[in-house]
$ cat input02.pdb   # PDB, C-alpha atoms and all ligand atoms
MODEL        1
ATOM      1  CA  MET A   1      90.907  74.330  90.652
ATOM      2  CA  THR A   2      89.949  71.769  93.325
ATOM      3  CA  ASN A   3      88.417  73.301  96.343
ATOM      4  CA  ALA A   4      90.657  71.709  98.936
ATOM      5  CA  HIS A   5      89.711  74.156 101.707
ATOM      6  CA  SER A   6      85.963  74.560 101.310
ATOM      7  CA  SER A   7      85.557  75.056 105.066
ATOM      8  CA  ILE A   8      87.333  78.433 104.874
ATOM      9  CA  SER A   9      84.916  81.324 104.832
ATOM     10  CA  PRO A  10      86.047  84.327 102.749
ATOM     11  CA  VAL A  11      86.859  87.575 104.564
ATOM     12  CA  MET A  12      87.743  91.028 103.283
ATOM     13  CA  VAL A  13      89.211  94.043 105.041
ATOM     14  CA  ALA A  14      89.528  97.581 103.645
ATOM     15  CA  SER A  15      90.161 101.178 104.521
ATOM     16  CA  GLU A  16      86.999 103.212 105.155
ATOM     17  CA  ASN A  17      86.719 104.353 101.531
ATOM     18  CA  GLY A  18      86.512 100.768 100.209
ATOM     19  CA  ARG A  19      82.792 100.101 100.691
ATOM     20  CA  ALA A  20      81.652  99.761  97.065
ATOM     21  CA  GLY A  21      84.718  97.787  96.022
ATOM     22  CA  MET A  22      84.417  95.427  98.960
ATOM     23  CA  THR A  23      80.751  94.674  98.305
ATOM     24  CA  ALA A  24      81.447  93.678  94.691
ATOM     25  CA  ALA A  25      84.579  91.717  95.569
ATOM     26  CA  MET A  26      82.856  89.739  98.332
ATOM     27  CA  LYS A  27      80.250  88.613  95.797
ATOM     28  CA  LEU A  28      83.101  87.302  93.662
ATOM     29  CA  LEU A  29      84.636  85.487  96.659
ATOM     30  CA  ARG A  30      81.275  83.960  97.648
ATOM     31  CA  GLU A  31      80.988  82.568  94.128
ATOM     32  CA  GLY A  32      84.361  80.808  94.481
ATOM     33  CA  GLY A  33      86.561  83.616  93.150
ATOM     34  CA  HIS A  34      90.193  84.074  94.123
ATOM     35  CA  ALA A  35      91.606  86.586  96.576
ATOM     36  CA  LEU A  36      93.885  88.159  93.968
ATOM     37  CA  ASP A  37      90.976  88.818  91.589
ATOM     38  CA  ALA A  38      88.888  90.152  94.476
ATOM     39  CA  VAL A  39      91.416  92.761  95.605
ATOM     40  CA  GLU A  40      92.076  93.897  92.031
ATOM     41  CA  LEU A  41      88.361  94.239  91.295
ATOM     42  CA  ALA A  42      87.777  96.155  94.535
ATOM     43  CA  CYS A  43      90.606  98.582  93.743
ATOM     44  CA  ARG A  44      89.365  99.134  90.196
ATOM     45  CA  ILE A  45      85.956 100.182  91.514
ATOM     46  CA  THR A  46      87.506 102.709  93.912
ATOM     47  CA  GLU A  47      89.906 103.948  91.225
ATOM     48  CA  ALA A  48      86.979 104.698  88.901
ATOM     49  CA  ASP A  49      84.952 106.611  91.518
ATOM     50  CA  PRO A  50      84.935 110.344  90.623
ATOM     51  CA  ASP A  51      83.989 111.223  94.216
ATOM     52  CA  GLU A  52      87.066 109.544  95.707
ATOM     53  CA  HIS A  53      89.855 112.100  95.532
ATOM     54  CA  SER A  54      92.732 110.055  96.925
ATOM     55  CA  VAL A  55      92.720 107.207  94.402
ATOM     56  CA  GLY A  56      92.699 106.828  90.614
ATOM     57  CA  TYR A  57      90.498 109.027  88.443
ATOM     58  CA  SER A  58      89.852 112.363  90.186
ATOM     59  CA  GLY A  59      92.782 111.874  92.547
ATOM     60  CA  LEU A  60      94.291 115.102  93.879
ATOM     61  CA  PRO A  61      97.250 116.239  91.761
ATOM     62  CA  ASN A  62     100.868 117.041  92.533
ATOM     63  CA  VAL A  63     102.156 120.590  93.001
ATOM     64  CA  LEU A  64     102.161 121.101  89.215
ATOM     65  CA  GLY A  65      98.495 120.080  88.941
ATOM     66  CA  GLU A  66      99.295 116.639  87.448
ATOM     67  CA  VAL A  67      97.670 113.435  88.729
ATOM     68  CA  GLU A  68     100.333 110.789  89.453
ATOM     69  CA  LEU A  69      99.090 107.371  90.544
ATOM     70  CA  ASP A  70     100.745 104.552  92.526
ATOM     71  CA  ALA A  71      99.545 100.991  93.227
ATOM     72  CA  SER A  72     100.739  97.550  94.283
ATOM     73  CA  ILE A  73      99.354  94.049  94.566
ATOM     74  CA  MET A  74     100.723  90.972  96.363
ATOM     75  CA  ASP A  75      99.885  87.277  96.175
ATOM     76  CA  GLY A  76     100.185  85.621  99.593
ATOM     77  CA  ARG A  77     100.550  82.138  98.103
ATOM     78  CA  THR A  78     103.664  82.842  96.020
ATOM     79  CA  LEU A  79     104.822  86.156  97.540
ATOM     80  CA  LYS A  80     104.879  87.509  94.002
ATOM     81  CA  SER A  81     104.105  91.196  93.733
ATOM     82  CA  GLY A  82     103.749  93.949  91.186
ATOM     83  CA  ALA A  83     103.744  97.725  91.509
ATOM     84  CA  VAL A  84     103.724 100.917  89.491
ATOM     85  CA  ALA A  85     104.406 104.466  90.626
ATOM     86  CA  ALA A  86     104.102 108.063  89.404
ATOM     87  CA  VAL A  87     101.934 106.970  86.462
ATOM     88  CA  GLN A  88     100.231 109.759  84.528
ATOM     89  CA  GLY A  89      97.374 109.352  82.062
ATOM     90  CA  TYR A  90      96.180 105.867  83.070
ATOM     91  CA  GLY A  91      93.397 105.367  85.590
ATOM     92  CA  HIS A  92      93.765 101.773  86.751
ATOM     93  CA  PRO A  93      97.249 101.474  88.223
ATOM     94  CA  ILE A  94      96.204  98.345  90.138
ATOM     95  CA  THR A  95      95.727  96.465  86.871
ATOM     96  CA  LEU A  96      99.111  97.684  85.644
ATOM     97  CA  ALA A  97     100.566  96.386  88.927
ATOM     98  CA  ARG A  98      98.865  93.012  88.473
ATOM     99  CA  ARG A  99     100.085  92.700  84.887
ATOM    100  CA  MET A 100     103.565  93.770  86.005
ATOM    101  CA  MET A 101     103.514  90.849  88.423
ATOM    102  CA  SER A 102     102.491  88.352  85.750
ATOM    103  CA  GLU A 103     104.263  89.664  82.631
ATOM    104  CA  LEU A 104     107.640  91.026  83.688
ATOM    105  CA  PRO A 105     110.381  89.725  85.962
ATOM    106  CA  HIS A 106     110.158  93.025  87.893
ATOM    107  CA  VAL A 107     108.276  94.209  90.943
ATOM    108  CA  LEU A 108     108.192  98.004  90.499
ATOM    109  CA  VAL A 109     108.247 100.130  87.338
ATOM    110  CA  VAL A 110     107.736 103.900  87.524
ATOM    111  CA  GLY A 111     106.801 106.947  85.464
ATOM    112  CA  ARG A 112     107.456 106.784  81.730
ATOM    113  CA  GLY A 113     108.269 103.062  81.860
ATOM    114  CA  ALA A 114     104.963 102.255  83.544
ATOM    115  CA  GLU A 115     103.098 104.429  81.019
ATOM    116  CA  ARG A 116     104.811 102.665  78.145
ATOM    117  CA  PHE A 117     103.865  99.314  79.714
ATOM    118  CA  ALA A 118     100.221 100.489  79.952
ATOM    119  CA  ALA A 119     100.224 101.479  76.277
ATOM    120  CA  GLU A 120     101.658  98.076  75.309
ATOM    121  CA  LEU A 121      98.756  96.450  77.156
ATOM    122  CA  ASP A 122      96.317  98.537  75.076
ATOM    123  CA  GLU A 123      95.103 100.426  78.132
ATOM    124  CA  CYS A 124      93.402 103.637  77.010
ATOM    125  CA  PRO A 125      95.205 106.814  78.022
ATOM    126  CA  ALA A 126      92.879 109.400  79.560
ATOM    127  CA  ASN A 127      93.158 112.587  81.577
ATOM    128  CA  GLN A 128      92.717 111.656  85.260
ATOM    129  CA  LEU A 129      92.371 115.254  86.483
ATOM    130  CA  THR A 130      88.773 116.314  87.125
ATOM    131  CA  GLU A 131      87.414 119.835  87.537
ATOM    132  CA  THR A 132      86.823 119.161  91.259
ATOM    133  CA  ALA A 133      90.402 118.041  91.841
ATOM    134  CA  LEU A 134      91.755 120.964  89.823
ATOM    135  CA  ALA A 135      89.600 123.408  91.800
ATOM    136  CA  ARG A 136      90.984 121.985  95.073
ATOM    137  CA  TRP A 137      94.523 122.368  93.777
ATOM    138  CA  ARG A 138      93.830 126.035  92.964
ATOM    139  CA  GLU A 139      92.175 126.612  96.339
ATOM    140  CA  ARG A 140      95.158 125.173  98.174
ATOM    141  CA  PHE A 141      97.487 127.685  96.504
ATOM    142  CA  VAL A 142      95.123 130.531  97.287
ATOM    143  CA  GLU A 143      94.875 129.453 100.952
ATOM    144  CA  TYR A 144      98.628 129.846 101.152
ATOM    145  CA  GLY A 145      98.681 133.140  99.268
ATOM    146  CA  LEU A 146     100.469 131.557  96.295
ATOM    147  CA  GLU A 147      99.889 131.828  92.571
ATOM    148  CA  PRO A 148      98.826 128.432  91.122
ATOM    149  CA  GLY A 149     101.471 127.078  88.805
ATOM    150  CA  ALA A 150     103.723 130.151  89.010
ATOM    151  CA  ALA A 151     106.314 128.729  91.374
ATOM    152  CA  LYS A 152     109.943 128.597  90.318
ATOM    153  CA  ASP A 153     111.049 127.013  93.572
ATOM    154  CA  LEU A 154     108.874 123.909  93.710
ATOM    155  CA  ARG A 155     110.765 122.577  96.729
ATOM    156  CA  THR A 156     109.524 125.338  98.968
ATOM    157  CA  VAL A 157     106.002 125.340  97.565
ATOM    158  CA  ALA A 158     105.529 121.570  97.772
ATOM    159  CA  LYS A 159     106.886 121.547 101.317
ATOM    160  CA  GLN A 160     104.496 124.295 102.315
ATOM    161  CA  LEU A 161     101.422 122.879 100.583
ATOM    162  CA  THR A 162     101.910 119.326 101.844
ATOM    163  CA  ARG A 163     102.505 120.458 105.406
ATOM    164  CA  PRO A 164     100.415 118.145 107.597
ATOM    165  CA  LEU A 165      97.318 119.877 108.842
ATOM    166  CA  ASN A 166      97.397 120.978 112.434
ATOM    167  CA  LEU A 167      94.114 120.680 114.307
ATOM    168  CA  GLN A 168      94.598 124.267 115.478
ATOM    169  CA  ASP A 169      95.155 125.358 111.882
ATOM    170  CA  LYS A 170      92.768 128.020 110.669
ATOM    171  CA  LEU A 171      93.011 126.418 107.238
ATOM    172  CA  LEU A 172      91.561 123.121 108.387
ATOM    173  CA  LYS A 173      88.001 124.192 107.628
ATOM    174  CA  ALA A 174      88.948 125.100 104.091
ATOM    175  CA  ALA A 175      90.773 121.826 103.546
ATOM    176  CA  LYS A 176      87.980 119.338 104.196
ATOM    177  CA  VAL A 177      89.493 116.805 101.868
ATOM    178  CA  ASP A 178      91.782 114.032 103.116
ATOM    179  CA  THR A 179      95.086 114.852 101.467
ATOM    180  CA  LEU A 180      96.699 111.643 102.765
ATOM    181  CA  GLY A 181      94.072 109.159 101.517
ATOM    182  CA  THR A 182      94.642 105.794  99.845
ATOM    183  CA  VAL A 183      92.598 102.612  99.484
ATOM    184  CA  ASN A 184      93.583  99.218 100.972
ATOM    185  CA  PHE A 185      91.990  95.827 100.299
ATOM    186  CA  LEU A 186      92.954  92.521 101.922
ATOM    187  CA  ALA A 187      91.172  89.255 101.054
ATOM    188  CA  LEU A 188      91.118  85.661 102.253
ATOM    189  CA  ASP A 189      89.435  83.278  99.818
ATOM    190  CA  GLN A 190      87.877  79.843 100.324
ATOM    191  CA  TYR A 191      91.090  78.194  99.107
ATOM    192  CA  GLY A 192      93.012  79.683 102.029
ATOM    193  CA  ASP A 193      94.857  82.211  99.879
ATOM    194  CA  LEU A 194      95.494  85.782 100.983
ATOM    195  CA  ALA A 195      95.998  88.776  98.669
ATOM    196  CA  SER A 196      96.504  92.494  99.235
ATOM    197  CA  ALA A 197      96.132  95.566  97.025
ATOM    198  CA  VAL A 198      96.777  99.267  97.580
ATOM    199  CA  SER A 199      96.055 102.178  95.246
ATOM    200  CA  THR A 200      96.538 105.917  95.675
ATOM    201  CA  SER A 201      97.101 109.281  94.054
ATOM    202  CA  GLY A 202      99.573 109.882  96.896
ATOM    203  CA  ILE A 203      99.805 112.846  99.198
ATOM    204  CA  ALA A 204      98.116 115.799  97.538
ATOM    205  CA  TRP A 205     100.258 118.641  96.146
ATOM    206  CA  LYS A 206     103.380 116.454  96.362
ATOM    207  CA  TYR A 207     106.668 117.222  94.620
ATOM    208  CA  PRO A 208     106.532 115.722  91.089
ATOM    209  CA  GLY A 209     107.727 112.127  91.064
ATOM    210  CA  ARG A 210     107.280 111.649  94.804
ATOM    211  CA  VAL A 211     106.465 108.021  95.612
ATOM    212  CA  GLY A 212     104.821 107.003  98.877
ATOM    213  CA  ASP A 213     104.415 103.687 100.673
ATOM    214  CA  SER A 214     101.570 102.280  98.554
ATOM    215  CA  PRO A 215     103.691 100.801  95.731
ATOM    216  CA  ILE A 216     106.568  99.872  98.047
ATOM    217  CA  ILE A 217     106.286  96.200  98.954
ATOM    218  CA  GLY A 218     107.037  95.907 102.656
ATOM    219  CA  ALA A 219     106.086  99.511 103.442
ATOM    220  CA  GLY A 220     102.425 100.039 102.444
ATOM    221  CA  ASN A 221     101.626  96.459 101.377
ATOM    222  CA  TYR A 222     102.708  92.963 102.353
ATOM    223  CA  CYS A 223     101.058  89.575 102.174
ATOM    224  CA  ASP A 224     102.114  86.046 103.106
ATOM    225  CA  ASN A 225      99.648  83.137 103.290
ATOM    226  CA  ARG A 226     101.515  81.714 106.270
ATOM    227  CA  TYR A 227     101.181  84.735 108.569
ATOM    228  CA  GLY A 228      98.936  87.486 107.252
ATOM    229  CA  ALA A 229      98.250  90.431 104.974
ATOM    230  CA  VAL A 230      98.823  94.076 105.925
ATOM    231  CA  ALA A 231      98.279  97.423 104.186
ATOM    232  CA  CYS A 232      98.594 101.073 105.145
ATOM    233  CA  THR A 233      97.057 104.488 104.535
ATOM    234  CA  GLY A 234      98.351 107.853 105.705
ATOM    235  CA  MET A 235     101.674 109.640 105.408
ATOM    236  CA  GLY A 236     103.578 107.108 103.314
ATOM    237  CA  GLU A 237     107.031 108.361 104.275
ATOM    238  CA  LEU A 238     106.432 107.009 107.788
ATOM    239  CA  ALA A 239     105.579 103.482 106.630
ATOM    240  CA  ILE A 240     108.567 103.479 104.288
ATOM    241  CA  ARG A 241     110.959 104.471 107.078
ATOM    242  CA  VAL A 242     109.931 101.621 109.400
ATOM    243  CA  SER A 243     108.708  99.051 106.803
ATOM    244  CA  THR A 244     105.325  98.927 108.487
ATOM    245  CA  ALA A 245     103.526  96.247 106.460
ATOM    246  CA  ARG A 246     106.384  93.743 106.421
ATOM    247  CA  SER A 247     107.224  94.446 110.062
ATOM    248  CA  LEU A 248     103.710  93.627 111.235
ATOM    249  CA  VAL A 249     103.761  90.363 109.245
ATOM    250  CA  LEU A 250     107.185  89.561 110.692
ATOM    251  CA  TYR A 251     105.896  90.184 114.222
ATOM    252  CA  LEU A 252     103.123  87.644 113.489
ATOM    253  CA  LYS A 253     105.745  85.209 112.194
ATOM    254  CA  MET A 254     107.703  85.621 115.416
ATOM    255  CA  GLY A 255     104.663  84.435 117.375
ATOM    256  CA  MET A 256     102.889  87.620 118.458
ATOM    257  CA  THR A 257      99.113  87.782 118.438
ATOM    258  CA  LEU A 258      97.504  90.088 115.890
ATOM    259  CA  GLN A 259      96.896  92.681 118.605
ATOM    260  CA  GLU A 260     100.499  92.510 119.860
ATOM    261  CA  ALA A 261     101.906  92.687 116.343
ATOM    262  CA  GLY A 262      99.771  95.724 115.459
ATOM    263  CA  LEU A 263     100.772  97.556 118.638
ATOM    264  CA  GLU A 264     104.441  96.821 117.948
ATOM    265  CA  ALA A 265     104.067  98.288 114.444
ATOM    266  CA  LEU A 266     102.498 101.389 116.024
ATOM    267  CA  ARG A 267     105.440 101.666 118.446
ATOM    268  CA  ASP A 268     107.801 101.677 115.439
ATOM    269  CA  LEU A 269     105.803 104.551 113.946
ATOM    270  CA  HIS A 270     105.583 106.560 117.158
ATOM    271  CA  TYR A 271     109.356 106.307 117.543
ATOM    272  CA  ILE A 272     109.925 108.305 114.344
ATOM    273  CA  PHE A 273     107.124 110.872 114.677
ATOM    274  CA  THR A 274     108.329 114.392 114.228
ATOM    275  CA  GLU A 275     104.890 115.957 113.746
ATOM    276  CA  PRO A 276     101.826 114.720 115.638
ATOM    277  CA  THR A 277      99.656 115.383 112.588
ATOM    278  CA  GLN A 278     101.545 112.959 110.335
ATOM    279  CA  TYR A 279      99.352 109.940 110.799
ATOM    280  CA  MET A 280      99.459 106.310 109.711
ATOM    281  CA  ASN A 281      96.672 103.699 109.618
ATOM    282  CA  ILE A 282      97.109  99.941 109.231
ATOM    283  CA  VAL A 283      94.730  97.072 108.388
ATOM    284  CA  ALA A 284      95.639  93.423 108.922
ATOM    285  CA  LEU A 285      94.097  90.030 108.150
ATOM    286  CA  THR A 286      95.411  86.613 109.245
ATOM    287  CA  PRO A 287      95.123  83.245 107.455
ATOM    288  CA  LYS A 288      92.460  82.299 110.038
ATOM    289  CA  GLY A 289      90.344  85.295 109.065
ATOM    290  CA  GLU A 290      91.070  87.374 112.188
ATOM    291  CA  HIS A 291      91.295  91.052 111.331
ATOM    292  CA  SER A 292      92.118  94.332 112.986
ATOM    293  CA  GLY A 293      92.911  97.955 112.254
ATOM    294  CA  PHE A 294      95.526 100.132 113.955
ATOM    295  CA  THR A 295      96.136 103.875 113.886
ATOM    296  CA  THR A 296      98.313 106.587 115.341
ATOM    297  CA  VAL A 297      95.422 109.073 115.617
ATOM    298  CA  PRO A 298      91.972 109.136 117.261
ATOM    299  CA  SER A 299      88.637 108.149 115.720
ATOM    300  CA  LYS A 300      89.762 106.072 112.750
ATOM    301  CA  GLN A 301      87.837 103.032 111.542
ATOM    302  CA  TYR A 302      88.173 100.306 108.917
ATOM    303  CA  LEU A 303      85.769  98.071 106.987
ATOM    304  CA  TYR A 304      85.394  94.308 107.097
ATOM    305  CA  MET A 305      83.023  91.835 105.522
ATOM    306  CA  ASN A 306      82.566  88.068 105.538
ATOM    307  CA  ALA A 307      80.387  85.787 103.428
ATOM    308  CA  GLU A 308      77.494  85.925 105.933
ATOM    309  CA  LEU A 309      77.249  89.725 105.988
ATOM    310  CA  THR A 310      75.152  91.563 103.413
ATOM    311  CA  GLU A 311      77.215  94.741 103.631
ATOM    312  CA  PRO A 312      80.610  95.900 104.924
ATOM    313  CA  GLN A 313      80.795  96.722 108.630
ATOM    314  CA  LEU A 314      82.823  99.444 110.324
ATOM    315  CA  ALA A 315      85.133  98.630 113.223
ATOM    316  CA  ASP A 316      87.308 100.904 115.359
ATOM    317  CA  ARG A 317      91.060 100.866 114.860
ATOM    318  CA  THR A 318      93.283 100.312 117.905
ATOM    319  CA  ARG A 319      95.647 103.050 119.133
ATOM    320  CA  LEU A 320      98.609 102.777 121.451
TER     321      LEU A 320
HETATM  322  N1  LIG A 401      99.824 106.425 101.764
HETATM  323  C1  LIG A 401      99.861 107.001 100.509
HETATM  324  C2  LIG A 401     101.000 107.879 100.240
HETATM  325  O1  LIG A 401     101.650 108.358 101.164
HETATM  326  O2  LIG A 401     101.289 108.120  99.104
ENDMDL
END

$ encode --input "input02.pdb" --output "structure tokens" --more "lines below"
Ligand code: GLY
Amino acid sequence: MTNAHSSISPVMVASENGRAGMTAAMKLLREGGHALDAVELACRITEADPDEHSVGYSGLPNVLGEVELDASIMDGRTLKSGAVAAVQGYGHPITLARRMMSELPHVLVVGRGAERFAAELDECPANQLTETALARWRERFVEYGLEPGAAKDLRTVAKQLTRPLNLQDKLLKAAKVDTLGTVNFLALDQYGDLASAVSTSGIAWKYPGRVGDSPIIGAGNYCDNRYGAVACTGMGELAIRVSTARSLVLYLKMGMTLQEAGLEALRDLHYIFTEPTQYMNIVALTPKGEHSGFTTVPSKQYLYMNAELTEPQLADRTRL
């Protein structure tokens, strides 16, 4: 492809857990790679990390002890997108999402259909549940005085186990793991194209089949070359209810600055808060390479990197 925009310097933005993926993807962008390939590569690295318990292999399971993965990818040049949700037995949902975008006239395929699609692509099925994740699942039941796996009434158990942690909660010490984690990657390449990718195992101990914001285009992921790319981490139900990613991009389209648009998206989220501990984080990147992070809770950061930096840098997210 002709490099018609060689003056554009690549930029990447990610959630805090995206360090390794971002470093590898920025190398690809520096070498003339495309934003879409960069965000997929970055997600794949995070998905394969056995120490990352909110994404891919070793993700925390649902209330039945099953790992169910969600992911989406979006191309800012064409606004094409692909997503899969509630996938069991396949560890790279981001690649399924990318192939969904290129090989089917659909955006989102879930559960058995997504698993069938993976098998047709010759992806290797493999157990995504690790001993560490299984041990945390057991511990969570014990913390609540429940018998792992014995529940008849999953509604009550899932509601109890996924209850957002209260800072006053005696259980907080025991639950050191981030049960609302997800990974976000946004990239601007030297051709002026934006892409976004999100991957997650979803909220830990969720009701089977629950789908969060990550594979929902417009909620946890949105990308448009003309205005910007946005992705979310946190309690996905919140971003679904107010279409956080698309809203922020729309606020940019309507002429707001990045800061104004991010604060407006936070106002949307604060309007629907019922529990102060249900948090949402946002990252955003504009076609000019400006970036920012926003959050509803204190002390949250995000990662960014450009072609001049040798490693990803942390920056504070803005709060209302
Ligand atoms: N943000 C990820 C989820 O809620 O599933």

$ residues_near_ligand --input "input02.pdb" --ligand "ligand LIG 401 (chain A)" --cutoff "6 Å" --atoms "all atoms listed in the file" --output "VMD selection string"
chain A and resid 182 200 202 to 203 212 to 214 233 to 236

$ resolve_selection --input "input02.pdb" --expression "the PyMOL selection byres (((chain A and resi 225) around 6) and not hetatm)" --output "list of chain:residue names"
A:Gly76, A:Arg77, A:Asp193, A:Leu194, A:Asp224, A:Arg226, A:Tyr227, A:Gly228

$ resolve_selection --input "input02.pdb" --expression "the PyMOL selection byres (((chain A and resi 42-45) around 8) and not hetatm)" --output "list in words"
Gly18, Ala20, Gly21, Met22, Ala24, Ala25, Ala38, Val39, Glu40, Leu41, Thr46, Glu47, Ala48, Asp49, His92, Ile94, Thr95, Val183, Asn184, Phe185, Ala197, Val198 and Ser199 of chain A

$ atom_distance --input "input02.pdb" --atom1 "atom CA of Leu129 of chain A" --atom2 "atom CA of Pro50 of chain A"
9.8 Å

$ resolve_selection --input "input02.pdb" --expression "the PyMOL selection byres (((chain A and resi 106-123) around 12) and not hetatm)" --output "PyMOL selection string"
chain A and resi 67-74+79-105+124-126+208-211+214-218

$ axis_aligned_box --input "input02.pdb" --around "segment 110-118 of chain A" --padding-each-side "6 Å" --output "JSON"
{"center_x": 104.2, "center_y": 103.1, "center_z": 82.8, "size_x": 20.0, "size_y": 19.6, "size_z": 21.4}

$ residues_around --input "input02.pdb" --residues "Phe294 of chain A" --least-positions-apart "3" --cutoff "8 Å" --atoms "all atoms listed in the file" --output "PyMOL selection string"
chain A and resi 262-263+266+281-283+317-319

$ atom_distance --input "input02.pdb" --atom1 "atom CA of Leu258 of chain A" --atom2 "atom CA of Thr295 of chain A"
14.0 Å

$ atom_distance --input "input02.pdb" --atom1 "atom CA of Cys232 of chain A" --atom2 "atom CA of Ala245 of chain A"
7.0 Å

$ residues_near_point --input "input02.pdb" --point "(78.8, 89.9, 106.1)" --cutoff "10 Å" --atoms "all atoms listed in the file" --output "PyMOL selection string"
chain A and resi 10-12+23+26+304-313

$ residues_around --input "input02.pdb" --residues "Ala204 of chain A" --least-positions-apart "6" --cutoff "9 Å" --atoms "only C-alpha atoms" --output "PDB file with C-alpha atoms, in the coordinates of the input"
ATOM      1  CA  SER A  54      92.732 110.055  96.925  1.00  0.00           C
ATOM      2  CA  GLY A  59      92.782 111.874  92.547  1.00  0.00           C
ATOM      3  CA  LEU A  60      94.291 115.102  93.879  1.00  0.00           C
ATOM      4  CA  PRO A  61      97.250 116.239  91.761  1.00  0.00           C
ATOM      5  CA  ASN A  62     100.868 117.041  92.533  1.00  0.00           C
ATOM      6  CA  VAL A  63     102.156 120.590  93.001  1.00  0.00           C
ATOM      7  CA  TRP A 137      94.523 122.368  93.777  1.00  0.00           C
ATOM      8  CA  LEU A 161     101.422 122.879 100.583  1.00  0.00           C
ATOM      9  CA  THR A 162     101.910 119.326 101.844  1.00  0.00           C
ATOM     10  CA  ASP A 178      91.782 114.032 103.116  1.00  0.00           C
ATOM     11  CA  THR A 179      95.086 114.852 101.467  1.00  0.00           C
ATOM     12  CA  LEU A 180      96.699 111.643 102.765  1.00  0.00           C
ATOM     13  CA  GLY A 181      94.072 109.159 101.517  1.00  0.00           C
TER      14      GLY A 181
END

$ residues_around --input "input02.pdb" --residues "His34 of chain A" --least-positions-apart "2" --cutoff "10 Å" --atoms "all atoms listed in the file" --output "list in words"
Pro10, Ala25, Leu28, Leu29, Arg30, Glu31, Gly32, Leu36, Asp37, Ala38, Val39, Ala187, Leu188, Asp189, Gln190, Tyr191, Gly192, Asp193, Leu194 and Ala195 of chain A

$ build_atoms --input "input02.pdb" --residues "segment 9-20 of chain A" --atoms "N, CA, C and O atoms" --output "tab-separated table (two decimals), keeping the file's coordinate frame"
chain	number	residue	atom	x	y	z
A	9	SER	N	85.91	80.32	105.22
A	9	SER	CA	84.92	81.32	104.83
A	9	SER	C	85.64	82.60	104.40
A	9	SER	O	86.49	83.11	105.13
A	10	PRO	N	85.34	83.13	103.22
A	10	PRO	CA	86.05	84.33	102.75
A	10	PRO	C	85.86	85.53	103.68
A	10	PRO	O	84.80	85.69	104.29
A	11	VAL	N	86.88	86.34	103.75
A	11	VAL	CA	86.86	87.58	104.56
A	11	VAL	C	87.56	88.67	103.77
A	11	VAL	O	88.56	88.39	103.08
A	12	MET	N	87.04	89.87	103.86
A	12	MET	CA	87.74	91.03	103.28
A	12	MET	C	87.89	92.14	104.31
A	12	MET	O	87.03	92.30	105.19
A	13	VAL	N	88.95	92.89	104.18
A	13	VAL	CA	89.21	94.04	105.04
A	13	VAL	C	89.60	95.20	104.12
A	13	VAL	O	90.25	94.98	103.09
A	14	ALA	N	89.19	96.41	104.49
A	14	ALA	CA	89.53	97.58	103.64
A	14	ALA	C	89.62	98.84	104.50
A	14	ALA	O	89.12	98.88	105.62
A	15	SER	N	90.23	99.84	103.92
A	15	SER	CA	90.16	101.18	104.52
A	15	SER	C	88.73	101.68	104.36
A	15	SER	O	87.94	101.14	103.58
A	16	GLU	N	88.40	102.74	105.09
A	16	GLU	CA	87.00	103.21	105.16
A	16	GLU	C	86.39	103.57	103.80
A	16	GLU	O	85.17	103.52	103.63
A	17	ASN	N	87.23	103.94	102.85
A	17	ASN	CA	86.72	104.35	101.53
A	17	ASN	C	86.53	103.18	100.57
A	17	ASN	O	86.32	103.38	99.38
A	18	GLY	N	86.58	101.94	101.09
A	18	GLY	CA	86.51	100.77	100.21
A	18	GLY	C	85.16	100.09	100.13
A	18	GLY	O	85.06	98.95	99.66
A	19	ARG	N	84.10	100.77	100.55
A	19	ARG	CA	82.79	100.10	100.69
A	19	ARG	C	82.28	99.49	99.38
A	19	ARG	O	81.93	98.30	99.34
A	20	ALA	N	82.23	100.27	98.33
A	20	ALA	CA	81.65	99.76	97.06
A	20	ALA	C	82.51	98.62	96.50
A	20	ALA	O	81.99	97.59	96.05
